[in-house]
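**Student:** If you scroll down you'll find the structure; I have some questions about it.
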Amino acid sequence: MLELVVVLDYAHWHLVPALEARSLQVAGLILMIVGLGWTLWTDQRLTRHFSQGLESRRLMTDGPFGVVRHPRYLGALVTKLAYPLVFASILGWVILPLWVILVLRRIRREETHVRKIFGGD
């Protein structure tokens, strides 16, 4: 729902026209492409990993997981950062910290779960 507000700002309201700079919007598009590409790479690795069955599961440390501990969340955060840039929305900049807080909370919960399964690995 909040992303819809960002699109409405761009499409109708134009609350801060100064944000409508072509260079910012191009930077946002580049971030969007990078974030989506990163997420697709991560999802491809996850699909391959989980197709092996639960009995052979191990902690993933290669591919995007060799770069950052939570690559899917990184991809999501990069695309969320791209939204206010692409859509030149002050509302997007207001919403972004809320989204970051939600993702960080989820990461903490997931860390607890992963530690129960894999211990110190």
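By order of appearance in the structure tokens: chains A, B, ..., then residues from 1 within every chain, and ligands from 1 in the order shown.
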What's the 12 Å shell around A:Leu98, counting only C-alpha atoms, without same-chain residues fewer than 5 positions away, as a ChimeraX atom specification?
**Tutor:** /A:2,77,80-81,91-93,103-105
**Student:** May I have the selected residues written with N, CA and C atoms, as an mmCIF file, in the first residue's frame?
**Tutor:**
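Listing of again.cif after writing:
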data_model
loop_
_atom_site.group_PDB
_atom_site.id
_atom_site.type_symbol
_atom_site.label_atom_id
_atom_site.label_comp_id
_atom_site.auth_asym_id
_atom_site.auth_seq_id
_atom_site.Cartn_x
_atom_site.Cartn_y
_atom_site.Cartn_z
ATOM 1 N N LEU A 2 1.960 1.196 0.769
ATOM 2 C CA LEU A 2 2.811 2.378 0.854
ATOM 3 C C LEU A 2 3.496 2.677 -0.476
ATOM 4 N N LEU A 77 16.177 -4.189 -0.141
ATOM 5 C CA LEU A 77 16.494 -2.845 0.341
ATOM 6 C C LEU A 77 17.001 -1.945 -0.788
ATOM 7 N N LYS A 80 14.029 -0.931 -2.752
ATOM 8 C CA LYS A 80 13.236 0.048 -1.992
ATOM 9 C C LYS A 80 13.907 1.420 -1.987
ATOM 10 N N LEU A 81 15.228 1.449 -1.994
ATOM 11 C CA LEU A 81 15.952 2.714 -2.105
ATOM 12 C C LEU A 81 15.730 3.330 -3.484
ATOM 13 N N LEU A 91 7.551 11.184 -0.168
ATOM 14 C CA LEU A 91 6.873 10.160 0.623
ATOM 15 C C LEU A 91 7.679 8.861 0.610
ATOM 16 N N GLY A 92 8.326 8.569 -0.514
ATOM 17 C CA GLY A 92 9.182 7.397 -0.588
ATOM 18 C C GLY A 92 10.343 7.485 0.382
ATOM 19 N N TRP A 93 10.896 8.691 0.547
ATOM 20 C CA TRP A 93 12.006 8.878 1.498
ATOM 21 C C TRP A 93 11.523 8.765 2.928
ATOM 22 N N VAL A 103 12.575 -4.751 7.817
ATOM 23 C CA VAL A 103 13.507 -5.762 7.306
ATOM 24 C C VAL A 103 14.513 -6.150 8.384
ATOM 25 N N LEU A 104 15.030 -5.181 9.116
ATOM 26 C CA LEU A 104 15.996 -5.489 10.174
ATOM 27 C C LEU A 104 15.370 -6.357 11.259
ATOM 28 N N ARG A 105 14.114 -6.116 11.596
ATOM 29 C CA ARG A 105 13.417 -6.963 12.574
ATOM 30 C C ARG A 105 13.292 -8.390 12.058
#
**Student:** Within 12 Å of A:Leu19, counting only C-alpha atoms, which residues show up once you throw out same-chain ones fewer than 4 positions away? Write them as JSON, numbers by chain, please.
**Tutor:** {"A": [9, 10, 14, 15, 23, 24, 25, 28, 84, 85, 86, 87, 88, 89, 90, 91, 92, 93]}
**Student:** From the DSSP assignment of the backbone, select every residue of stretch 59-96 of chain A that is alpha helix (DSSP H), and format the answer as a list in words.
**Tutor:**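 Answer for stretch 59-96 of chain A, restricted to alpha helix (DSSP H): Pro71, Arg72, Tyr73, Leu74, Gly75, Ala76, Leu77, Val78, Thr79, Lys80, Leu81, Ala82, Tyr83, Pro84, Leu85, Val86, Ile90, Leu91, Gly92, Trp93, Val94, Ile95 and Leu96 of chain A.
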**Student:** Please list as a VMD selection string every residue within 10 Å of stretch 33-48 of chain A, counting only C-alpha atoms and excluding residues in the same chain fewer than 4 positions away.
**Tutor:** chain A and resid 27 to 29 52 to 53 60 62 to 65 70 to 82
**Student:** Mind pulling up the distance from atom CA of A:Tyr83 to atom CA of A:Val26?
**Tutor:**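 Answer for the atom CA of A:Val26 to atom CA of A:Tyr83 separation: 11.4 Å.
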**Student:** Quick one: pull the distance between atom CA of A:Val5 and atom CA of A:Val100, Å, one decimal.
**Tutor:**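 Between atom CA of A:Val5 and atom CA of A:Val100 the gap is 17.3 Å.
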